[in-house]
Each structure stands twice: as structure tokens, then as C-alpha cells.
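Shown next, in C-alpha cells, is the structure this report addresses.
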Amino acid sequence: MTELKRVAIVGSARIPFARGNTAYADETNLSMLATTLGGLADKFGLKGEKVDEVIAGAVINHSRDFNLAREALLDAGLSPRTPGTTMQLACGTSLQAALVLAGKIASGQIDSGIAAGSDTVSDSPIVFGPKFQHRLLAANQAKTTGQKLKTFFKGFSFGELTPVAPSVNEPRTGLSMGQHAELMAREWGITRADQDALAAASHRNAAKAYEEGFHDDLLVPCAGLVRDNNVRADSTIEKLSTLKPSFDKKSGLGTLTAGNSTPLTDGAAGVLLASEDWAKARGLPIQAYLTLGRVAGNDFAHGEGLLMAPTIAVSEMLERAGLGFADIDYFELHEAFAAQVLCTLKAWNDPAYCKDVLGRDSVMGTIDPEKINVKGSSLAYGHPFAATGARILGLTAKLLDGEVNKRALISVCTAGGMGVAALVESAL
């Protein structure tokens, strides 16, 4: 049996994240991803060079995106001999891409790879309903102009021209992610005050990270933007407490607001992974090692919380690794909603949940808040769906760079009742 190789995280790059319909209103998934990959290539001397594989994706897609990963890497100036694979796992897309590449590197199938993601709500596809769609297809199949016109106008109604707006609702429940998170917050007794406090801390930590210059070598300018435009250094619990509920506006019980929920965001991010030999042969740094990952799902359509699957993924991953929370130095928990993070933390310390859902004889325990999202997370930076995993992985690797015997845990919730988790270890 081939001995598994260690998977090095060489480094990462991303464009600054922007609130929807602001700085990147004229950008596309392709242009943002190509800018990110180009920045990564410049950073590590990869222009014109062959990387063994690029895996990237987007959640909000146009048909024109075709093979997004391949087109973006070509636009970015990587060698045409670099293959590109497009994949999608909702908000876990780029982290799952990293885990897929890590498996290939560890097993010796490849020596290098880039995991990336891009998403834009500013360029969301606007489509027609199925009736008008079928009308256009039928007219296109007609042979003569007269036949085309006759086919097109037969039974035509102007109501067919009403566009179908992009939907963020879960197809199995009809509820949006925010509505699901409201249900979770109610089930777990998560207060509005606690959610606002977590959101304020995220902005505070992110703003401090900028002040310290932490992001200086991570960001690639794009469309005139040089830093994330959602980070609010002046965010406070008092200011957040004035916002009205966004998803439950009528019952008087709503606790999720625009302030403690991630905004709709545009952006892209990428991470370069490699075998140790590949990195050392090129004189490239090794910031950290990606050592383990896990993807899990739950039965959200029948009562389990939509965004609770990370509790399962993390539990299974740590059990496989023979580790507990006490063995982890940093926790990078994606903040889709402050409520999601707080529900997760509460579930890991709940005896019934740990026994019935996680199959454990005892609770996983509590986590020191000082170890969670120490540089801020998605509530501050924003959340371009497919790009978030790569942002978090890149941030985590830099966080561990230069540390000795440190370990970080990453957790990302996704639409469709899934969760992606990963372990990252320092290189020293």
C-alpha cells in the first residue's frame, strides 16, 4: 500500500468581498474567479505553469459559465495543460474542493491543486418560467419563419413574460435559510442579545485583523476594491439591537436581523495545496497541513435543523482522529447566521443531542469563546457562497503559519442540510 503524503497548504488569495450590487455589480463569477486565480499565480510564480488540477465552483450559475474552473484558470494565465473541474456543494463548495484535492495529493495521484470558489448575487440569472421556455424551444425547432411565428404565438399569454427571480428557498421545505435558522434559534433558546454579541465580536475581530495587516498579502484588488466592504469597525451590540427582524417579521418572536445574519455577497477565493516535495522543489512556503475532513448530512426536511449538519461532521471527524475539543487551538466556524453558530455550540454540550444525534455517550463539551473566529468570520467579511470555504481555509493556514504544534478546526454549514469540516495543523 502506498504511504500517504502530507498535504501542504502553500497559501491563498482572494479578492475583497463586497456586499451585493455594490463594487462588483459589473463582475461575473468568471471574472472574479479569474482575478483570484491570477493573483494566486502571481503570488507563487505559477503564471504559465502547470498545476495538476483546479477544482472550483459557484452556487449561483449562468448557463454561460460552462466549465467555470477551466475557463477561469485559462483567463488567469495558468498553463493550458492545467485541467479544471467545476463542482458545487452549496456553501461548502471550495472547502469540499480542497478535501477532494487533498485526497488526490495524499494518495499520490497529483502533486498540486487549487481549490477555489466564486459567487455573485449581483449577476444572478433571471429566467422565464417553463411555459415560455418550452415555447421558445418549440419555435426554434420549426423550419420556416412562418412556422416559427405560428408556433411561438399559439396560445401565447403576456403573463409568460414574467421573469422567475432566483430563489434561496429550500425546495423540500419552501423555507429560506433564514427562516430555518429562526426555527433553530427558537428550538435551542438562542437569544437576540447573544446573536448580536457574536456579530459585534466578528466585526471587531475582523477590523483588528485589518489594523494588524493580517490581510495585506491575502487580498487581490478587484474592480477598484482593496478591502472587504462589509466589515464595520464601529459595529456595537447597541447599534445591532436597533435592527428589526428580517425573517420573522410578524410573530414578535423573530431574532435574526440583517446585522446578525450574513449579507448577500459577491467574491471569490482560492487556496494552493501541494505535496511537500512539490512545494520544496519550487521554493514555496508551507503554511500548514490539511490533515482530515468530513462531510455530513441530516434529515432537515423532517425536523432536524437545516444548518445543524456540521455538528455531525465535526463529531465524526474528531472521533476518527481520536481528538476532542481540548486538542484544538483555533475554531473557525462559518457564521452564516450568529444563531447557527450558537445552536451548534449548544448542541455539542447537550447530553440528549450528543447521544441521540451524534451517537456519543457523553457531551463533546464547551469551547472557549476566545478560540473561536479570532480574526472575525462571515458575519463581518460577508459570504459569497462557494468562496467562503476557501476564505476560511486560507485564513486558517495563515493563522497557523509560524505556530508550533497547533491545530485548527473548520466547520461550514450548507444549504440542503449538509456540513463540511476539516482539520488543519501547523507546519512546525
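Identifiers in this document derive from the order of the C-alpha cells: chains are assigned A, B, ..., residues are numbered from 1 separately in each chain, and ligands are numbered from 1 in order of occurrence.
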
Could you name the residues that touch stretch 119-124 of chain A at 9 Å or less, counting only C-alpha atoms, but leaving out those on the same chain fewer than 2 positions away, as number ranges by chain? A: 19-22, 24-29, 32-33, 57-62, 117, 126, 165-166, 264-268, 383-387

Run DSSP on the backbone of this structure and report the residues of stretch 131-340 of chain A it assigns to alpha helix (DSSP H), as a ChimeraX atom specification. /A:131-141,145-153,177-188,192-211,237-240,276-281,309-321,338-340

Find the residues near A:Leu272: any atom within 7 Å, counting only C-alpha atoms, skip ones fewer than 3 places away on the same chain, and give them as a ChimeraX atom specification. /A:9-12,113-115

One decimal, Å: what's the distance from atom CA of A:Ser176 over to atom CA of A:Leu68, could you say? 26.5 Å

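Running DSSP on the backbone and keeping only strand (DSSP E), the residues of stretch 35-215 of chain A that qualify are A:Val54, A:Ile55, A:Ala56, A:Gly57, A:Gly84, A:Thr85, A:Thr86, A:Ser112, A:Gly113, A:Ile114, A:Ala115, A:Ala116, A:Gly117, A:Ser118, A:Asp119, A:Val127, A:Phe128, A:Pro163, A:Val164.
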
I want to know what sits within 12 Å of A:Asp277, based on only C-alpha atoms, with residues of the same chain fewer than 4 positions away left out; could you give that as a PyMOL selection string? chain A and resi 5-8+10+105-106+108+110-112+273+281-286

Include N, CA and C atoms and write out the residues we just selected as a CSV table (one decimal), in the first residue's frame.
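File written: result_23.csv
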```csv
chain,number,residue,atom,x,y,z
A,5,LYS,N,0.9,10.8,1.6
A,5,LYS,CA,1.7,12.0,1.7
A,5,LYS,C,1.0,13.1,2.5
A,6,ARG,N,1.8,14.0,3.1
A,6,ARG,CA,1.2,15.1,3.8
A,6,ARG,C,0.7,16.1,2.8
A,7,VAL,N,-0.4,16.8,3.1
A,7,VAL,CA,-0.9,17.8,2.2
A,7,VAL,C,-0.6,19.2,2.7
A,8,ALA,N,0.2,19.8,2.0
A,8,ALA,CA,0.7,21.2,2.4
A,8,ALA,C,-0.3,22.2,1.9
A,10,VAL,N,0.1,25.8,0.8
A,10,VAL,CA,1.1,26.7,0.4
A,10,VAL,C,0.7,28.1,0.7
A,105,ILE,N,-3.7,14.3,-3.5
A,105,ILE,CA,-2.3,14.6,-3.2
A,105,ILE,C,-1.8,13.5,-2.2
A,106,ALA,N,-2.6,13.3,-1.2
A,106,ALA,CA,-2.2,12.3,-0.2
A,106,ALA,C,-1.9,10.9,-0.8
A,108,GLY,N,-1.0,10.3,-3.8
A,108,GLY,CA,0.0,10.3,-4.9
A,108,GLY,C,-0.6,10.5,-6.3
A,110,ILE,N,-1.9,13.2,-7.6
A,110,ILE,CA,-1.4,14.5,-8.1
A,110,ILE,C,-0.4,15.1,-7.1
A,111,ASP,N,0.3,16.1,-7.5
A,111,ASP,CA,1.2,16.8,-6.6
A,111,ASP,C,0.8,18.2,-6.2
A,112,SER,N,-0.1,18.8,-7.0
A,112,SER,CA,-0.5,20.1,-6.7
A,112,SER,C,-2.0,20.4,-7.1
A,273,LEU,N,-2.8,24.0,-2.8
A,273,LEU,CA,-2.4,22.8,-2.0
A,273,LEU,C,-1.3,22.1,-2.8
A,281,ALA,N,10.5,21.9,-4.0
A,281,ALA,CA,11.2,21.9,-5.2
A,281,ALA,C,11.1,23.3,-5.9
A,282,ARG,N,10.1,24.0,-5.6
A,282,ARG,CA,9.8,25.3,-6.1
A,282,ARG,C,10.1,26.5,-5.2
A,283,GLY,N,10.7,26.1,-4.0
A,283,GLY,CA,11.0,27.1,-3.0
A,283,GLY,C,9.8,27.8,-2.4
A,284,LEU,N,8.7,27.1,-2.4
A,284,LEU,CA,7.4,27.7,-1.9
A,284,LEU,C,7.2,27.4,-0.4
A,285,PRO,N,6.6,28.3,0.3
A,285,PRO,CA,6.4,28.1,1.7
A,285,PRO,C,5.3,27.0,2.0
A,286,ILE,N,5.4,26.5,3.2
A,286,ILE,CA,4.3,25.6,3.7
A,286,ILE,C,3.7,26.2,4.9
```

Using only C-alpha atoms, which protein or nucleic acid residues come within 9 Å of stretch 198-209 of chain A? Drop anything in the same chain fewer than 4 positions from it, and give the result as a PDB file with C-alpha atoms, in the first residue's frame.
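As written to disk, around.pdb reads:
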```
ATOM      1  CA  ALA A 193     -28.776  39.564  22.599  1.00  0.00           C
ATOM      2  CA  ASP A 194     -26.393  36.626  22.236  1.00  0.00           C
ATOM      3  CA  GLY A 213      -2.086  43.926   8.499  1.00  0.00           C
ATOM      4  CA  PHE A 214      -3.192  40.300   8.635  1.00  0.00           C
ATOM      5  CA  HIS A 215      -4.957  40.553   5.262  1.00  0.00           C
ATOM      6  CA  ASN A 230     -18.892  44.795   4.839  1.00  0.00           C
ATOM      7  CA  VAL A 231     -16.517  44.969   7.808  1.00  0.00           C
ATOM      8  CA  ARG A 232     -17.762  47.543  10.311  1.00  0.00           C
ATOM      9  CA  ALA A 233     -15.138  48.637  12.806  1.00  0.00           C
ATOM     10  CA  ASP A 234     -17.769  50.696  14.616  1.00  0.00           C
ATOM     11  CA  SER A 235     -20.264  47.844  14.971  1.00  0.00           C
ATOM     12  CA  THR A 236     -21.631  47.533  18.520  1.00  0.00           C
ATOM     13  CA  ILE A 237     -24.229  45.479  20.317  1.00  0.00           C
ATOM     14  CA  LEU A 240     -27.215  45.953  16.236  1.00  0.00           C
ATOM     15  CA  GLY A 259     -26.915  42.570  11.464  1.00  0.00           C
ATOM     16  CA  ASN A 260     -26.604  39.067  12.879  1.00  0.00           C
ATOM     17  CA  SER A 261     -27.051  37.339   9.513  1.00  0.00           C
ATOM     18  CA  GLU A 335     -21.068  32.360  10.544  1.00  0.00           C
ATOM     19  CA  PHE A 337     -26.038  33.322  10.957  1.00  0.00           C
ATOM     20  CA  ALA A 338     -24.980  34.062  14.511  1.00  0.00           C
ATOM     21  CA  ALA A 339     -27.826  31.770  15.550  1.00  0.00           C
ATOM     22  CA  VAL A 341     -23.010  29.098  15.464  1.00  0.00           C
ATOM     23  CA  LEU A 342     -24.733  29.415  18.839  1.00  0.00           C
ATOM     24  CA  ASN A 373     -13.063  33.081  14.861  1.00  0.00           C
ATOM     25  CA  VAL A 374     -10.211  35.104  16.323  1.00  0.00           C
ATOM     26  CA  LYS A 375      -9.815  37.119  13.098  1.00  0.00           C
ATOM     27  CA  GLY A 376     -13.558  37.505  12.501  1.00  0.00           C
ATOM     28  CA  SER A 377     -15.660  35.457  10.124  1.00  0.00           C
ATOM     29  CA  SER A 378     -18.539  35.587   7.673  1.00  0.00           C
ATOM     30  CA  LEU A 379     -20.773  37.996   9.588  1.00  0.00           C
ATOM     31  CA  ALA A 380     -18.036  40.576   9.102  1.00  0.00           C
ATOM     32  CA  TYR A 381     -16.374  39.609   5.828  1.00  0.00           C
TER      33      TYR A 381
END
```

Taking only C-alpha atoms into account, which of A:Leu136, A:Thr262, A:Ile410, A:Gly48 comes nearest A:Leu333? A:Ile410

So that I can see what lies close to A:Ala309, please list as a PyMOL selection string the residues with an atom at most 12 Å from it, counting only C-alpha atoms and leaving out residues fewer than 6 positions away in the same chain. chain A and resi 92+294-300+315-316+340-341+343-344+347-348+357-358+411-421

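Proximity to A:Leu423 at 9 Å, evaluated using only C-alpha atoms and with sequence-adjacent residues fewer than 5 positions away removed, yields Tyr289, Leu290, Thr291, Leu292, Gly293, Met317, Leu318, Arg407, Ala408, Leu409 and Ile410 of chain A.
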